[in-house]
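Asker: Quick one: this structure, given as structure tokens, is what I'll be asking you about.
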Amino acid sequence: AARLNAGLCDAAINWAGGLHHAKKAEASGFCYVNDCVLAILELLKVHARVLYCDVDIHHGDGVEEAFYTTDRVMTASFHKFGDYFPGTGDVGDIGYGKGRNYAVNIPLQDGITDDSYREIFVPVMSKIMEWYQPSAVVLQLGADSLAGDRLGCFNLSLRGHGQCVDFFLAHNVPLILIGGGGYTVRNVARCWAYETSLVLQKPLTNHIPYNDYYEFYGPEFNLHISPSNMENRNSPQHLDRIRSRVLETLRNLPAAPSVPLFDAPRGSL
């Protein structure tokens, strides 16, 4: 975040980050310190508006809670909702006070595919980018939303997951990419290697070259994974209801919020 503020890079990556469940006064969900919140606070020293987007299968509750009453940070979380940790993130949870309507929640069901994900991600995030006009974005890329995750129940391929990265790169806005969950470790490594290549614009071949951990990626030894044949419980009607409700909320918001002029604190670098 400090490097982005100083103009030293256009995109910064910390795959060890993304600990989005930690709260100000408690640890939660394998998360002790919420680096997402700390990065956003650093960005707010320079940027008037920061967007936080979370594609981990679990709701980004710690980040949402931290900025629930401010309009300087908009949070958008795409997550499994229902009988699932942490149990928050209903579409009706939209923020409070000055932050009302600045928390966006997209509750999803088991088995969502690349196509279904794109059908709801692109229109919602396009509207947010058009209206909110963030000057920096923090993108949490938990890999537990991939097909075959030990704890997850979505059915995304690496390309489906990576389309979220492509979306923000196309908007040419200062971007922080951070990790998060992911419990089939070989697929986490695949995912974040692939998404690093998207940022660097250095395409990778599908075949994994020989390395010290080569056997870990058998029997196919390929970068990309194949989605399973699990049922997609996200019907077009369900996705349309969620999308329509969120877009209607965004449509009724005033112009992008501004902040008065101030002396930016001295940078961390």
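Just so we're on the same page: first chain in the structure tokens is A, next is B, and so on; residues restart at 1 for each chain, and ligands are numbered from 1 in the order they show up.
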For Leu158 in chain A, list every protein, DNA or RNA residue within 7 Å, evaluated using only C-alpha atoms, and leave out those in the same chain fewer than 5 positions away; present the list as a PyMOL selection string.

Answerer: chain A and resi 191+224-225

Asker: As a VMD selection string, please: all residues of range 28-255 of chain A that backbone DSSP puts in strand (DSSP E or B).

Answerer: chain A and resid 28 31 50 to 54 73 to 80 103 to 108 136 to 140 146 156 175 to 178 207 222

Asker: Which value, in Å to one decimal, gives the distance between CA of Val46 in chain A and CA of Val137 in chain A?

Answerer: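 Computed distance, CA of Val46 in chain A to CA of Val137 in chain A, equals 12.8 Å.
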
Asker: Within 10 Å of Asp166 in chain A, counting only C-alpha atoms, which residues show up once you throw out same-chain ones fewer than 5 positions away? Write them as a PyMOL selection string, please.

Answerer: chain A and resi 159+161+171+195+198-199

Asker: Find the spatial neighbours of range 234-247 of chain A, counting only C-alpha atoms, within a cut-off of 12 Å - ignore same-chain residues fewer than 5 positions away - and output them as an MDAnalysis selection string.

Answerer: chainID A and resid 76:78 80:81 90:94 101:128 130:131 154:155 252:253

Asker: Could those residues be written to a file, using N, CA and C atoms, as a CSV table (one decimal), in the first residue's frame?

Answerer:
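Listed below is the output, out-v5.csv:
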```csv
chain,number,residue,atom,x,y,z
A,76,ALA,N,-17.2,-5.0,-1.3
A,76,ALA,CA,-18.0,-5.9,-2.1
A,76,ALA,C,-17.5,-7.3,-1.9
A,77,SER,N,-18.4,-8.2,-1.5
A,77,SER,CA,-18.0,-9.6,-1.2
A,77,SER,C,-18.9,-10.5,-1.9
A,78,PHE,N,-18.2,-11.5,-2.7
A,78,PHE,CA,-18.9,-12.5,-3.4
A,78,PHE,C,-18.6,-13.8,-2.6
A,80,LYS,N,-20.1,-17.7,-0.4
A,80,LYS,CA,-21.1,-18.7,-0.1
A,80,LYS,C,-21.9,-18.2,1.1
A,81,PHE,N,-23.2,-18.3,1.1
A,81,PHE,CA,-24.1,-17.8,2.1
A,81,PHE,C,-25.1,-18.9,2.6
A,90,ASP,N,-25.4,-11.2,4.2
A,90,ASP,CA,-26.7,-11.2,3.5
A,90,ASP,C,-26.8,-10.1,2.5
A,91,VAL,N,-27.6,-10.2,1.5
A,91,VAL,CA,-27.7,-9.1,0.5
A,91,VAL,C,-28.3,-7.8,1.1
A,92,GLY,N,-29.0,-8.0,2.2
A,92,GLY,CA,-29.6,-6.9,2.9
A,92,GLY,C,-28.6,-6.2,3.9
A,93,ASP,N,-27.4,-6.7,4.1
A,93,ASP,CA,-26.4,-6.0,4.9
A,93,ASP,C,-25.7,-5.0,4.0
A,94,ILE,N,-26.0,-3.7,4.2
A,94,ILE,CA,-25.6,-2.7,3.2
A,94,ILE,C,-24.8,-1.5,3.9
A,101,ASN,N,-25.3,1.7,2.3
A,101,ASN,CA,-25.2,1.4,0.9
A,101,ASN,C,-23.8,1.3,0.3
A,102,TYR,N,-22.8,1.4,1.2
A,102,TYR,CA,-21.4,1.3,0.8
A,102,TYR,C,-20.9,-0.1,1.1
A,103,ALA,N,-21.7,-1.0,1.6
A,103,ALA,CA,-21.3,-2.4,1.8
A,103,ALA,C,-22.2,-3.2,0.8
A,104,VAL,N,-21.6,-4.0,-0.1
A,104,VAL,CA,-22.3,-4.7,-1.1
A,104,VAL,C,-22.0,-6.2,-0.9
A,105,ASN,N,-23.1,-7.0,-0.7
A,105,ASN,CA,-22.9,-8.4,-0.5
A,105,ASN,C,-23.6,-9.2,-1.6
A,106,ILE,N,-22.9,-10.2,-2.1
A,106,ILE,CA,-23.4,-11.1,-3.2
A,106,ILE,C,-23.4,-12.5,-2.6
A,107,PRO,N,-24.5,-12.9,-2.0
A,107,PRO,CA,-24.6,-14.3,-1.4
A,107,PRO,C,-24.8,-15.3,-2.5
A,108,LEU,N,-24.0,-16.3,-2.6
A,108,LEU,CA,-24.1,-17.3,-3.6
A,108,LEU,C,-24.2,-18.7,-3.0
A,109,GLN,N,-24.6,-19.7,-3.9
A,109,GLN,CA,-24.8,-21.1,-3.4
A,109,GLN,C,-23.8,-22.0,-4.0
A,110,ASP,N,-23.9,-23.2,-3.7
A,110,ASP,CA,-22.9,-24.2,-4.1
A,110,ASP,C,-22.8,-24.4,-5.6
A,111,GLY,N,-21.6,-24.7,-6.1
A,111,GLY,CA,-21.5,-25.1,-7.5
A,111,GLY,C,-21.4,-24.1,-8.5
A,112,ILE,N,-21.2,-22.8,-8.1
A,112,ILE,CA,-21.2,-21.7,-9.2
A,112,ILE,C,-20.1,-21.9,-10.1
A,113,THR,N,-20.4,-21.7,-11.4
A,113,THR,CA,-19.5,-21.9,-12.5
A,113,THR,C,-18.9,-20.6,-13.0
A,114,ASP,N,-17.9,-20.7,-13.9
A,114,ASP,CA,-17.2,-19.5,-14.4
A,114,ASP,C,-18.3,-18.6,-15.1
A,115,ASP,N,-19.2,-19.2,-15.9
A,115,ASP,CA,-20.1,-18.4,-16.6
A,115,ASP,C,-21.1,-17.7,-15.7
A,116,SER,N,-21.6,-18.4,-14.7
A,116,SER,CA,-22.5,-17.8,-13.7
A,116,SER,C,-21.9,-16.7,-12.9
A,117,TYR,N,-20.6,-17.0,-12.5
A,117,TYR,CA,-19.9,-16.0,-11.7
A,117,TYR,C,-19.7,-14.7,-12.5
A,118,ARG,N,-19.3,-14.9,-13.8
A,118,ARG,CA,-19.1,-13.7,-14.6
A,118,ARG,C,-20.4,-12.9,-14.8
A,119,GLU,N,-21.6,-13.6,-14.9
A,119,GLU,CA,-22.9,-13.0,-15.1
A,119,GLU,C,-23.3,-12.0,-14.0
A,120,ILE,N,-22.8,-12.3,-12.8
A,120,ILE,CA,-23.1,-11.4,-11.7
A,120,ILE,C,-21.9,-10.5,-11.3
A,121,PHE,N,-20.7,-11.0,-11.5
A,121,PHE,CA,-19.5,-10.2,-11.1
A,121,PHE,C,-19.4,-9.0,-12.0
A,122,VAL,N,-19.4,-9.2,-13.3
A,122,VAL,CA,-19.2,-8.1,-14.2
A,122,VAL,C,-20.2,-6.9,-14.1
A,123,PRO,N,-21.5,-7.2,-14.2
A,123,PRO,CA,-22.4,-6.0,-14.1
A,123,PRO,C,-22.4,-5.3,-12.8
A,124,VAL,N,-22.2,-6.1,-11.7
A,124,VAL,CA,-22.2,-5.4,-10.3
A,124,VAL,C,-20.9,-4.6,-10.2
A,125,MET,N,-19.8,-5.2,-10.5
A,125,MET,CA,-18.5,-4.4,-10.3
A,125,MET,C,-18.4,-3.3,-11.4
A,126,SER,N,-18.9,-3.5,-12.5
A,126,SER,CA,-18.9,-2.4,-13.5
A,126,SER,C,-19.7,-1.2,-13.0
A,127,LYS,N,-20.8,-1.4,-12.4
A,127,LYS,CA,-21.6,-0.3,-11.9
A,127,LYS,C,-20.9,0.3,-10.7
A,128,ILE,N,-20.3,-0.4,-9.9
A,128,ILE,CA,-19.5,0.1,-8.8
A,128,ILE,C,-18.4,1.0,-9.3
A,130,GLU,N,-18.1,2.5,-12.2
A,130,GLU,CA,-18.7,3.6,-12.8
A,130,GLU,C,-19.2,4.7,-11.9
A,131,TRP,N,-19.9,4.2,-10.8
A,131,TRP,CA,-20.5,5.2,-9.9
A,131,TRP,C,-19.5,5.6,-8.8
A,154,PHE,N,-17.5,-24.1,-4.4
A,154,PHE,CA,-17.8,-23.5,-5.7
A,154,PHE,C,-17.1,-24.3,-6.7
A,155,ASN,N,-17.3,-23.9,-8.0
A,155,ASN,CA,-16.8,-24.8,-9.1
A,155,ASN,C,-16.1,-23.9,-10.1
A,252,ASN,N,-29.6,4.2,-6.7
A,252,ASN,CA,-30.2,5.2,-5.9
A,252,ASN,C,-29.3,6.0,-5.0
A,253,LEU,N,-28.0,5.7,-5.2
A,253,LEU,CA,-27.0,6.4,-4.4
A,253,LEU,C,-26.7,7.8,-5.0
```
